[in-house]
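*Asks:* Quick one, data_23.pdb (PDB, C-alpha atoms):
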MODEL        1
ATOM      1  CA  MET A   1     -38.335   6.449  11.832
ATOM      2  CA  SER A   2     -42.060   6.001  11.387
ATOM      3  CA  THR A   3     -43.804   3.472   9.199
ATOM      4  CA  SER A   4     -44.917   6.306   6.899
ATOM      5  CA  SER A   5     -41.395   6.426   5.492
ATOM      6  CA  PHE A   6     -41.944   2.868   4.207
ATOM      7  CA  GLN A   7     -45.281   3.562   2.582
ATOM      8  CA  ARG A   8     -45.275   3.404  -1.191
ATOM      9  CA  PRO A   9     -43.882   6.681  -2.547
ATOM     10  CA  LEU A  10     -45.043   8.139  -5.830
ATOM     11  CA  GLY A  11     -41.680   7.349  -7.408
ATOM     12  CA  PHE A  12     -42.059   3.630  -6.771
ATOM     13  CA  LEU A  13     -45.580   3.546  -8.217
ATOM     14  CA  ALA A  14     -44.365   5.495 -11.264
ATOM     15  CA  LEU A  15     -41.527   2.974 -11.722
ATOM     16  CA  LEU A  16     -44.003   0.099 -11.476
ATOM     17  CA  ALA A  17     -46.360   1.746 -13.985
ATOM     18  CA  VAL A  18     -43.578   2.439 -16.508
ATOM     19  CA  ALA A  19     -42.172  -1.101 -16.102
ATOM     20  CA  THR A  20     -45.640  -2.635 -16.655
ATOM     21  CA  ALA A  21     -46.265  -0.444 -19.724
ATOM     22  CA  LEU A  22     -42.882  -1.402 -21.175
ATOM     23  CA  VAL A  23     -43.513  -5.105 -20.554
ATOM     24  CA  LEU A  24     -46.821  -4.829 -22.434
ATOM     25  CA  ALA A  25     -45.058  -2.920 -25.257
ATOM     26  CA  ALA A  26     -42.369  -5.611 -25.381
ATOM     27  CA  LEU A  27     -44.985  -8.375 -25.549
ATOM     28  CA  TYR A  28     -46.674  -6.498 -28.423
ATOM     29  CA  CYS A  29     -43.328  -6.228 -30.240
ATOM     30  CA  VAL A  30     -42.613  -9.942 -29.706
ATOM     31  CA  ALA A  31     -46.032 -10.847 -31.131
ATOM     32  CA  PHE A  32     -46.347  -8.370 -34.013
ATOM     33  CA  VAL A  33     -43.067  -6.553 -34.790
ATOM     34  CA  ALA A  34     -40.429  -9.317 -34.688
ATOM     35  CA  ARG A  35     -40.759 -11.866 -37.457
ATOM     36  CA  PRO A  36     -40.171 -15.556 -36.671
ATOM     37  CA  ASP A  37     -36.594 -16.655 -37.315
ATOM     38  CA  VAL A  38     -36.091 -18.335 -40.690
ATOM     39  CA  THR A  39     -34.059 -21.251 -39.258
ATOM     40  CA  LEU A  40     -35.452 -21.725 -35.755
ATOM     41  CA  GLY A  41     -39.070 -20.746 -36.362
ATOM     42  CA  ILE A  42     -41.465 -19.197 -33.864
ATOM     43  CA  VAL A  43     -39.732 -20.697 -30.802
ATOM     44  CA  GLN A  44     -36.865 -18.220 -31.366
ATOM     45  CA  LYS A  45     -39.198 -15.557 -29.884
ATOM     46  CA  ILE A  46     -38.284 -16.927 -26.441
ATOM     47  CA  PHE A  47     -34.924 -15.197 -27.087
ATOM     48  CA  TYR A  48     -36.175 -11.657 -26.294
ATOM     49  CA  PHE A  49     -37.140 -12.321 -22.678
ATOM     50  CA  HIS A  50     -34.688 -15.202 -22.125
ATOM     51  CA  VAL A  51     -31.608 -13.115 -22.939
ATOM     52  CA  SER A  52     -32.993 -10.012 -21.194
ATOM     53  CA  SER A  53     -33.674 -12.100 -18.069
ATOM     54  CA  ALA A  54     -30.151 -13.527 -18.245
ATOM     55  CA  ILE A  55     -28.686 -10.000 -18.384
ATOM     56  CA  ALA A  56     -30.923  -8.926 -15.455
ATOM     57  CA  MET A  57     -29.851 -12.040 -13.532
ATOM     58  CA  MET A  58     -26.147 -11.321 -14.043
ATOM     59  CA  LEU A  59     -26.492  -7.616 -13.165
ATOM     60  CA  CYS A  60     -28.568  -8.292 -10.017
ATOM     61  CA  LEU A  61     -26.337 -11.093  -8.762
ATOM     62  CA  SER A  62     -23.142  -9.156  -9.548
ATOM     63  CA  SER A  63     -24.526  -6.131  -7.678
ATOM     64  CA  GLY A  64     -25.558  -8.375  -4.793
ATOM     65  CA  SER A  65     -22.096  -9.907  -4.820
ATOM     66  CA  LEU A  66     -20.289  -6.550  -4.652
ATOM     67  CA  LEU A  67     -22.676  -5.214  -1.997
ATOM     68  CA  SER A  68     -22.109  -8.371   0.072
ATOM     69  CA  LEU A  69     -18.397  -7.714  -0.126
ATOM     70  CA  VAL A  70     -18.986  -4.159   1.118
ATOM     71  CA  ASP A  71     -21.161  -5.529   3.945
ATOM     72  CA  LEU A  72     -18.441  -8.005   4.840
ATOM     73  CA  VAL A  73     -15.853  -5.219   5.176
ATOM     74  CA  ALA A  74     -18.112  -2.593   6.781
ATOM     75  CA  PRO A  75     -21.309  -4.219   8.131
ATOM     76  CA  SER A  76     -24.428  -2.127   7.663
ATOM     77  CA  ASP A  77     -28.099  -3.173   7.790
ATOM     78  CA  ARG A  78     -28.920  -0.996   4.802
ATOM     79  CA  VAL A  79     -26.165  -2.482   2.609
ATOM     80  CA  ASP A  80     -27.113  -5.971   3.805
ATOM     81  CA  ALA A  81     -30.743  -5.392   2.788
ATOM     82  CA  LEU A  82     -29.612  -4.002  -0.589
ATOM     83  CA  ALA A  83     -27.376  -7.048  -1.174
ATOM     84  CA  ARG A  84     -29.987  -9.597  -0.129
ATOM     85  CA  SER A  85     -32.730  -7.999  -2.195
ATOM     86  CA  ALA A  86     -30.403  -7.968  -5.221
ATOM     87  CA  ILE A  87     -29.638 -11.670  -4.725
ATOM     88  CA  GLU A  88     -33.337 -12.525  -4.304
ATOM     89  CA  THR A  89     -34.201 -10.629  -7.496
ATOM     90  CA  GLY A  90     -31.278 -12.226  -9.324
ATOM     91  CA  LEU A  91     -32.405 -15.667  -8.192
ATOM     92  CA  ALA A  92     -35.915 -15.008  -9.519
ATOM     93  CA  PHE A  93     -34.451 -14.116 -12.933
ATOM     94  CA  ALA A  94     -32.115 -17.136 -12.800
ATOM     95  CA  VAL A  95     -35.200 -19.341 -12.392
ATOM     96  CA  LEU A  96     -36.791 -17.628 -15.427
ATOM     97  CA  VAL A  97     -33.621 -18.137 -17.502
ATOM     98  CA  LEU A  98     -33.354 -21.815 -16.589
ATOM     99  CA  THR A  99     -37.066 -22.322 -17.257
ATOM    100  CA  SER A 100     -37.306 -20.608 -20.629
ATOM    101  CA  GLY A 101     -33.878 -21.873 -21.794
ATOM    102  CA  PRO A 102     -34.624 -25.621 -21.734
ATOM    103  CA  LEU A 103     -37.941 -25.045 -23.541
ATOM    104  CA  TRP A 104     -36.100 -23.278 -26.346
ATOM    105  CA  ALA A 105     -33.252 -25.824 -26.285
ATOM    106  CA  ARG A 106     -35.680 -28.742 -26.679
ATOM    107  CA  LYS A 107     -36.744 -27.393 -30.051
ATOM    108  CA  SER A 108     -33.441 -25.904 -31.216
ATOM    109  CA  TRP A 109     -30.875 -28.378 -29.912
ATOM    110  CA  GLY A 110     -33.084 -31.439 -29.475
ATOM    111  CA  ALA A 111     -32.295 -31.671 -25.732
ATOM    112  CA  TRP A 112     -33.699 -30.061 -22.610
ATOM    113  CA  TRP A 113     -30.270 -29.686 -21.072
ATOM    114  CA  THR A 114     -26.637 -30.050 -22.065
ATOM    115  CA  TRP A 115     -23.595 -29.782 -19.798
ATOM    116  CA  GLU A 116     -22.050 -27.011 -21.842
ATOM    117  CA  PRO A 117     -20.047 -24.311 -19.979
ATOM    118  CA  ARG A 118     -22.597 -21.474 -20.047
ATOM    119  CA  LEU A 119     -25.528 -23.633 -18.899
ATOM    120  CA  THR A 120     -23.521 -25.353 -16.190
ATOM    121  CA  LEU A 121     -22.227 -22.029 -14.866
ATOM    122  CA  THR A 122     -25.755 -20.569 -14.867
ATOM    123  CA  LEU A 123     -26.979 -23.537 -12.812
ATOM    124  CA  LEU A 124     -24.012 -23.046 -10.483
ATOM    125  CA  LEU A 125     -24.928 -19.358 -10.086
ATOM    126  CA  LEU A 126     -28.558 -20.254  -9.294
ATOM    127  CA  LEU A 127     -27.491 -22.799  -6.676
ATOM    128  CA  LEU A 128     -25.004 -20.294  -5.229
ATOM    129  CA  ALA A 129     -27.738 -17.651  -4.829
ATOM    130  CA  ALA A 130     -30.127 -20.231  -3.322
ATOM    131  CA  ALA A 131     -27.390 -21.335  -0.881
ATOM    132  CA  VAL A 132     -26.732 -17.726   0.192
ATOM    133  CA  LEU A 133     -30.423 -17.156   0.920
ATOM    134  CA  GLY A 134     -30.707 -20.552   2.620
ATOM    135  CA  ILE A 135     -27.817 -19.722   4.956
ATOM    136  CA  ARG A 136     -29.364 -16.328   5.751
ATOM    137  CA  ALA A 137     -32.708 -17.977   6.516
ATOM    138  CA  LEU A 138     -31.098 -20.497   8.875
ATOM    139  CA  ALA A 139     -28.627 -18.092  10.500
ATOM    140  CA  PRO A 140     -29.845 -14.518   9.956
ATOM    141  CA  ASP A 141     -27.110 -12.721  11.935
ATOM    142  CA  GLY A 142     -23.533 -13.050  13.169
ATOM    143  CA  THR A 143     -21.462 -15.784  11.564
ATOM    144  CA  GLY A 144     -24.284 -16.838   9.210
ATOM    145  CA  ARG A 145     -24.408 -13.336   7.781
ATOM    146  CA  LYS A 146     -20.630 -13.312   7.235
ATOM    147  CA  ILE A 147     -20.551 -16.770   5.633
ATOM    148  CA  ALA A 148     -23.464 -15.850   3.346
ATOM    149  CA  ALA A 149     -21.770 -12.570   2.377
ATOM    150  CA  ALA A 150     -18.484 -14.364   1.636
ATOM    151  CA  LEU A 151     -20.318 -16.948  -0.486
ATOM    152  CA  ALA A 152     -22.313 -14.226  -2.262
ATOM    153  CA  SER A 153     -19.107 -12.416  -3.197
ATOM    154  CA  LEU A 154     -18.331 -15.347  -5.549
ATOM    155  CA  ALA A 155     -21.406 -14.550  -7.662
ATOM    156  CA  ALA A 156     -19.774 -11.683  -9.607
ATOM    157  CA  PRO A 157     -16.841 -13.811 -10.897
ATOM    158  CA  VAL A 158     -19.276 -16.604 -11.851
ATOM    159  CA  ALA A 159     -21.483 -14.063 -13.693
ATOM    160  CA  TYR A 160     -18.397 -12.820 -15.566
ATOM    161  CA  LEU A 161     -17.490 -16.401 -16.514
ATOM    162  CA  ILE A 162     -21.037 -16.921 -17.840
ATOM    163  CA  HIS A 163     -20.577 -13.799 -19.992
ATOM    164  CA  VAL A 164     -17.291 -15.019 -21.517
ATOM    165  CA  ALA A 165     -18.069 -18.772 -21.465
ATOM    166  CA  VAL A 166     -18.989 -19.157 -25.144
ATOM    167  CA  ALA A 167     -16.048 -17.089 -26.382
ATOM    168  CA  LYS A 168     -13.551 -18.921 -24.151
ATOM    169  CA  TRP A 169     -14.775 -22.510 -24.116
ATOM    170  CA  GLY A 170     -17.377 -22.736 -26.886
ATOM    171  CA  GLY A 171     -20.554 -24.719 -26.334
ATOM    172  CA  THR A 172     -23.973 -24.940 -27.885
ATOM    173  CA  HIS A 173     -25.015 -21.338 -27.182
ATOM    174  CA  PRO A 174     -24.678 -19.070 -30.228
ATOM    175  CA  MET A 175     -22.780 -15.778 -29.969
ATOM    176  CA  VAL A 176     -25.600 -13.492 -31.088
ATOM    177  CA  LEU A 177     -24.873 -10.298 -29.165
ATOM    178  CA  GLN A 178     -21.064 -10.564 -29.197
ATOM    179  CA  GLY A 179     -20.868 -12.097 -32.655
ATOM    180  CA  GLY A 180     -22.220  -9.418 -34.995
ATOM    181  CA  GLY A 181     -25.548  -8.717 -33.324
ATOM    182  CA  ILE A 182     -29.130  -9.046 -34.525
ATOM    183  CA  GLN A 183     -29.555  -8.203 -38.207
ATOM    184  CA  SER A 184     -33.310  -7.704 -38.650
ATOM    185  CA  PRO A 185     -34.544  -4.204 -37.634
ATOM    186  CA  GLY A 186     -37.798  -5.649 -36.213
ATOM    187  CA  MET A 187     -35.850  -8.069 -34.040
ATOM    188  CA  GLN A 188     -33.458  -5.298 -32.939
ATOM    189  CA  ILE A 189     -36.314  -3.026 -31.793
ATOM    190  CA  THR A 190     -38.071  -5.905 -30.024
ATOM    191  CA  PHE A 191     -34.902  -6.935 -28.208
ATOM    192  CA  ARG A 192     -34.183  -3.355 -27.061
ATOM    193  CA  VAL A 193     -37.744  -2.873 -25.782
ATOM    194  CA  ALA A 194     -37.700  -6.271 -24.014
ATOM    195  CA  LEU A 195     -34.294  -5.529 -22.460
ATOM    196  CA  LEU A 196     -35.477  -2.140 -21.183
ATOM    197  CA  ALA A 197     -38.726  -3.668 -19.878
ATOM    198  CA  ILE A 198     -36.938  -6.447 -18.009
ATOM    199  CA  ALA A 199     -34.299  -4.022 -16.662
ATOM    200  CA  LEU A 200     -37.020  -1.734 -15.273
ATOM    201  CA  PHE A 201     -38.989  -4.707 -13.956
ATOM    202  CA  ALA A 202     -35.865  -6.000 -12.202
ATOM    203  CA  ALA A 203     -35.298  -2.553 -10.672
ATOM    204  CA  THR A 204     -38.918  -2.526  -9.468
ATOM    205  CA  LEU A 205     -38.603  -5.995  -7.918
ATOM    206  CA  TRP A 206     -35.291  -5.071  -6.310
ATOM    207  CA  THR A 207     -36.863  -1.938  -4.786
ATOM    208  CA  LEU A 208     -39.878  -3.900  -3.565
ATOM    209  CA  ARG A 209     -37.754  -6.619  -1.941
ATOM    210  CA  PHE A 210     -35.426  -3.993  -0.433
ATOM    211  CA  ARG A 211     -38.381  -2.228   1.185
ATOM    212  CA  VAL A 212     -39.669  -5.513   2.628
ATOM    213  CA  LEU A 213     -36.258  -6.374   4.097
ATOM    214  CA  ARG A 214     -35.927  -2.879   5.614
ATOM    215  CA  LEU A 215     -39.409  -3.273   7.095
ATOM    216  CA  GLU A 216     -38.359  -6.593   8.630
ATOM    217  CA  GLN A 217     -35.252  -4.981  10.120
ATOM    218  CA  ARG A 218     -37.320  -2.066  11.504
ATOM    219  CA  LEU A 219     -39.883  -4.489  12.950
ATOM    220  CA  LEU A 220     -37.155  -6.505  14.663
ATOM    221  CA  ASN A 221     -35.657  -3.342  16.188
ATOM    222  CA  LEU A 222     -39.088  -2.205  17.404
ATOM    223  CA  GLN A 223     -39.787  -5.626  18.919
ATOM    224  CA  LEU A 224     -36.490  -5.413  20.829
ATOM    225  CA  GLU A 225     -37.361  -1.878  21.957
ATOM    226  CA  PHE A 226     -40.806  -3.065  23.035
ATOM    227  CA  SER A 227     -39.334  -5.984  25.035
ATOM    228  CA  ALA A 228     -36.861  -3.632  26.728
ATOM    229  CA  GLN A 229     -39.709  -1.247  27.623
ATOM    230  CA  ASP A 230     -41.694  -4.179  28.993
ATOM    231  CA  VAL A 231     -38.774  -5.286  31.190
ATOM    232  CA  ARG A 232     -38.291  -1.691  32.479
ATOM    233  CA  GLN A 233     -41.980  -1.420  33.381
ATOM    234  CA  GLN A 234     -41.888  -4.785  35.203
ATOM    235  CA  ARG A 235     -38.821  -3.683  37.197
ATOM    236  CA  GLU A 236     -40.397  -0.342  38.115
ATOM    237  CA  GLY A 237     -43.690  -1.956  39.144
ATOM    238  CA  GLY A 238     -42.178  -4.995  40.922
ATOM    239  CA  PRO A 239     -40.882  -5.410  44.518
ATOM    240  CA  THR A 240     -37.574  -3.662  45.358
TER
ATOM    241  CA  MET B   1     -38.023 -16.426  -0.176
ATOM    242  CA  THR B   2     -36.225 -19.507   1.100
ATOM    243  CA  ARG B   3     -39.265 -21.615   0.300
ATOM    244  CA  PHE B   4     -39.249 -20.067  -3.184
ATOM    245  CA  ALA B   5     -35.573 -20.916  -3.628
ATOM    246  CA  THR B   6     -36.062 -24.467  -2.367
ATOM    247  CA  ALA B   7     -39.078 -24.974  -4.614
ATOM    248  CA  ALA B   8     -37.105 -23.624  -7.578
ATOM    249  CA  ALA B   9     -34.246 -26.026  -6.885
ATOM    250  CA  VAL B  10     -36.604 -28.974  -6.385
ATOM    251  CA  PHE B  11     -38.465 -28.249  -9.626
ATOM    252  CA  LEU B  12     -35.393 -27.429 -11.694
ATOM    253  CA  LEU B  13     -33.030 -30.202 -10.698
ATOM    254  CA  PRO B  14     -35.102 -33.057 -12.186
ATOM    255  CA  ILE B  15     -34.646 -31.372 -15.580
ATOM    256  CA  LEU B  16     -31.055 -32.536 -15.396
ATOM    257  CA  ALA B  17     -32.296 -36.098 -15.716
ATOM    258  CA  PHE B  18     -33.034 -35.205 -19.331
ATOM    259  CA  ALA B  19     -29.483 -33.962 -19.849
ATOM    260  CA  ASP B  20     -27.976 -35.008 -23.119
ATOM    261  CA  ALA B  21     -24.681 -34.591 -24.875
ATOM    262  CA  PRO B  22     -24.676 -31.420 -27.009
ATOM    263  CA  PRO B  23     -24.814 -31.941 -30.764
ATOM    264  CA  ASP B  24     -21.328 -31.696 -32.302
ATOM    265  CA  ASP B  25     -22.459 -29.545 -35.169
ATOM    266  CA  LEU B  26     -25.626 -28.172 -36.695
ATOM    267  CA  SER B  27     -25.649 -30.875 -39.382
ATOM    268  CA  ARG B  28     -26.840 -33.273 -36.677
ATOM    269  CA  PHE B  29     -29.733 -30.931 -35.957
ATOM    270  CA  LYS B  30     -33.047 -32.752 -36.247
ATOM    271  CA  GLU B  31     -36.468 -31.162 -36.293
ATOM    272  CA  GLU B  32     -38.250 -32.218 -33.095
ATOM    273  CA  PRO B  33     -41.889 -33.260 -33.233
ATOM    274  CA  VAL B  34     -42.615 -30.773 -30.396
ATOM    275  CA  SER B  35     -44.481 -27.680 -31.578
ATOM    276  CA  GLY B  36     -42.408 -24.510 -31.234
ATOM    277  CA  GLY B  37     -45.578 -22.460 -30.698
ATOM    278  CA  ILE B  38     -46.588 -24.552 -27.687
ATOM    279  CA  LEU B  39     -43.091 -24.300 -26.173
ATOM    280  CA  LEU B  40     -43.185 -20.532 -26.725
ATOM    281  CA  ILE B  41     -46.557 -20.196 -24.990
ATOM    282  CA  ILE B  42     -45.430 -22.393 -22.060
ATOM    283  CA  ALA B  43     -42.217 -20.347 -21.686
ATOM    284  CA  TYR B  44     -44.025 -16.999 -21.625
ATOM    285  CA  PHE B  45     -46.828 -18.290 -19.391
ATOM    286  CA  VAL B  46     -44.429 -19.767 -16.822
ATOM    287  CA  MET B  47     -42.202 -16.666 -16.858
ATOM    288  CA  TRP B  48     -44.982 -14.164 -16.273
ATOM    289  CA  LEU B  49     -46.834 -16.377 -13.813
ATOM    290  CA  ALA B  50     -43.657 -16.791 -11.742
ATOM    291  CA  LEU B  51     -43.011 -13.043 -11.804
ATOM    292  CA  ALA B  52     -46.643 -12.246 -10.919
ATOM    293  CA  VAL B  53     -46.550 -14.670  -7.955
ATOM    294  CA  PHE B  54     -43.231 -13.170  -6.809
ATOM    295  CA  VAL B  55     -44.602  -9.594  -6.954
ATOM    296  CA  ALA B  56     -47.931 -10.526  -5.316
ATOM    297  CA  ARG B  57     -46.266 -12.418  -2.449
ATOM    298  CA  THR B  58     -43.804  -9.586  -1.831
ATOM    299  CA  ALA B  59     -46.554  -6.940  -1.907
ATOM    300  CA  LEU B  60     -48.689  -8.978   0.541
ATOM    301  CA  LYS B  61     -45.729  -9.440   2.859
ATOM    302  CA  GLN B  62     -45.018  -5.716   2.733
ATOM    303  CA  ALA B  63     -48.634  -4.893   3.636
ATOM    304  CA  LYS B  64     -48.522  -7.363   6.557
ATOM    305  CA  LEU B  65     -45.226  -5.953   7.854
ATOM    306  CA  GLU B  66     -46.520  -2.375   7.607
ATOM    307  CA  ALA B  67     -49.599  -3.326   9.662
ATOM    308  CA  GLU B  68     -47.432  -5.060  12.294
ATOM    309  CA  LEU B  69     -45.138  -2.042  12.475
ATOM    310  CA  ARG B  70     -48.037   0.397  12.931
ATOM    311  CA  ASN B  71     -49.431  -1.827  15.680
ATOM    312  CA  LEU B  72     -46.088  -1.974  17.508
ATOM    313  CA  GLU B  73     -45.462   1.751  17.153
ATOM    314  CA  ASP B  74     -48.902   2.510  18.582
ATOM    315  CA  ARG B  75     -48.210   0.191  21.524
ATOM    316  CA  LEU B  76     -44.823   1.814  22.132
ATOM    317  CA  ASP B  77     -46.424   5.275  22.029
ATOM    318  CA  GLY B  78     -48.964   4.041  24.603
ATOM    319  CA  LYS B  79     -51.954   4.279  22.277
ATOM    320  CA  PRO B  80     -54.786   1.778  22.940
TER
ENDMDL
END
Take the structure from the file and write it as structure tokens.
*Replies:*
Amino acid sequence: MSTSSFQRPLGFLALLAVATALVLAALYCVAFVARPDVTLGIVQKIFYFHVSSAIAMMLCLSSGSLLSLVDLVAPSDRVDALARSAIETGLAFAVLVLTSGPLWARKSWGAWWTWEPRLTLTLLLLLLAAAVLGIRALAPDGTGRKIAAALASLAAPVAYLIHVAVAKWGGTHPMVLQGGGIQSPGMQITFRVALLAIALFAATLWTLRFRVLRLEQRLLNLQLEFSAQDVRQQREGGPT
Amino acid sequence: MTRFATAAAVFLLPILAFADAPPDDLSRFKEEPVSGGILLIIAYFVMWLALAVFVARTALKQAKLEAELRNLEDRLDGKP
């Protein structure tokens, strides 16, 4: 396989362009289409990207979790790269969720953080993803890879618990999407555009990270091949 | 990526020091003196800055890896 197969294809650039255009459209909608919430005021506008990021986080980490399980059963470098890139992307969105959330909470709930089920589980999911990547960084192959994959497989159940947390155990989070939905048409359009923008952006990031991980794997294989060639040449040229 | 994850954990965990019991009901809700507009701007700025840094770092790493790969492939093919 040559490096040309890793060069940016037209499809990836198109995906990036569409994702960027949608993000700009979503930002326009947040600023001009969606009206500020009557009760919460302008700070409610954090909702559009906060919730979309949370959905992207759960989808990426659940995908990473299932792919890790597949890699655990039938190890494959390609599946491993897909799983790791999904977890890295999910972690990035988890950071966004836990950054934008407390800023909104400070105004709406009067506290930066509360130990309610959904928040606590989201923090647990973030730490789980960070631990998986930490283990992979310290022990990239062999047992480290298996332990990280086993740990990553827990992410999907945790993501499911985050989804059902408010319905099952209550908490401070409102049930907007499951509890009747958004009523204002302007808010509905803005949320749909923001969700689509973040979903496409997450797909773009996932693709980008996947390509980098595959490049790293290819580079490692080439380095091994190069070392082997070097050893062969030394043997052929050396004393018999 | 590990450095990113560690930095995220280091920056996020101190937030927990501000943890508070959740309000029992909305009647206890009090208007905070913090401006919602400022919080909104900070949230959007931090979100898009973090994403931009993530994309830029990944793109730079990809370019570096591609250059290293080309170099190694040329050496393996015996090119000068």
*Asks:* Kindly give the distance, in Å, that separates CA of Ala43 (chain B) and CA of Leu133 (chain A), rounded to a single decimal.
*Replies:* 25.7 Å
*Asks:* Report, in Å with one decimal, the straight-line distance from CA of Phe93 (chain A) to CA of Gly37 (chain B).
*Replies:*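 That distance, rounded to one decimal, is 22.6 Å.
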*Asks:* Given the choices A:Leu66, A:Ala105, A:Leu219, A:Val166, which gets closest to chain B if the distance is worked out from all atoms listed in the file?
*Replies:*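 Of A:Leu66, A:Ala105, A:Leu219, A:Val166, the one nearest chain B, counting all atoms listed in the file, is A:Leu219.
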*Asks:* Which residues of chain A are close to chain B, meaning at most 8 Å apart when you count all atoms listed in the file, and how do they look as a PyMOL selection string?
*Replies:* chain A and resi 2-3+6-7+41-43+45-46+88+91-92+95-96+98-100+103-104+106-116+127+130+133-134+137+171-172+205+208-209+211-212+215-216+218-219+222-223+226
*Asks:* Set the distance at 10 Å and use only C-alpha atoms: which residues neighbour Asp80 (chain A) once local chain neighbours fewer than 4 positions away are removed? I'd like the list as a PDB file with C-alpha atoms, in the frame of the given file.
*Replies:*
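What ended up in result_24.pdb:
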ATOM      1  CA  GLY A  64     -25.558  -8.375  -4.793  1.00  0.00           C
ATOM      2  CA  LEU A  67     -22.676  -5.214  -1.997  1.00  0.00           C
ATOM      3  CA  SER A  68     -22.109  -8.371   0.072  1.00  0.00           C
ATOM      4  CA  LEU A  69     -18.397  -7.714  -0.126  1.00  0.00           C
ATOM      5  CA  VAL A  70     -18.986  -4.159   1.118  1.00  0.00           C
ATOM      6  CA  ASP A  71     -21.161  -5.529   3.945  1.00  0.00           C
ATOM      7  CA  LEU A  72     -18.441  -8.005   4.840  1.00  0.00           C
ATOM      8  CA  PRO A  75     -21.309  -4.219   8.131  1.00  0.00           C
ATOM      9  CA  SER A  76     -24.428  -2.127   7.663  1.00  0.00           C
ATOM     10  CA  ARG A  84     -29.987  -9.597  -0.129  1.00  0.00           C
ATOM     11  CA  SER A  85     -32.730  -7.999  -2.195  1.00  0.00           C
ATOM     12  CA  ALA A  86     -30.403  -7.968  -5.221  1.00  0.00           C
ATOM     13  CA  ARG A 145     -24.408 -13.336   7.781  1.00  0.00           C
ATOM     14  CA  ALA A 149     -21.770 -12.570   2.377  1.00  0.00           C
ATOM     15  CA  PHE A 210     -35.426  -3.993  -0.433  1.00  0.00           C
ATOM     16  CA  LEU A 213     -36.258  -6.374   4.097  1.00  0.00           C
ATOM     17  CA  ARG A 214     -35.927  -2.879   5.614  1.00  0.00           C
TER      18      ARG A 214
END
*Asks:* For Gln44 (chain A), which of A:Gly90, A:Pro185, A:Pro157, A:Gly101 is the closest residue, counting only C-alpha atoms?
*Replies:* A:Gly101
*Asks:* Skip region 13-29 of chain A itself and residues of its chain fewer than 6 positions away, then list as a ChimeraX atom specification all residues within 8 Å of it, counting only C-alpha atoms.
*Replies:* /A:189-190,193-194,196-198,200-201,204
*Asks:* Keeping only C-alpha atoms, write the selected residues as a compact mmCIF listing (two decimals), in the coordinates of the input.
*Replies:*
# COMPACT_ATOMS: atom_id res chain seq x y z
CA ILE A 189 -36.31 -3.03 -31.79
CA THR A 190 -38.07 -5.90 -30.02
CA VAL A 193 -37.74 -2.87 -25.78
CA ALA A 194 -37.70 -6.27 -24.01
CA LEU A 196 -35.48 -2.14 -21.18
CA ALA A 197 -38.73 -3.67 -19.88
CA ILE A 198 -36.94 -6.45 -18.01
CA LEU A 200 -37.02 -1.73 -15.27
CA PHE A 201 -38.99 -4.71 -13.96
CA THR A 204 -38.92 -2.53 -9.47
*Asks:* Quick check, in Å to one decimal: how far apart do CA of Leu195 (chain A) and CA of Ser52 (chain A) lie?
*Replies:*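 Separation of CA of Leu195 (chain A) and CA of Ser52 (chain A): 4.8 Å.
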*Asks:* Which is closer to Gly78 (chain B) than all the others in A:Ala199, A:Gln229, A:Val30, A:Pro140, using only C-alpha atoms?
*Replies:*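 Closest candidate: A:Gln229.
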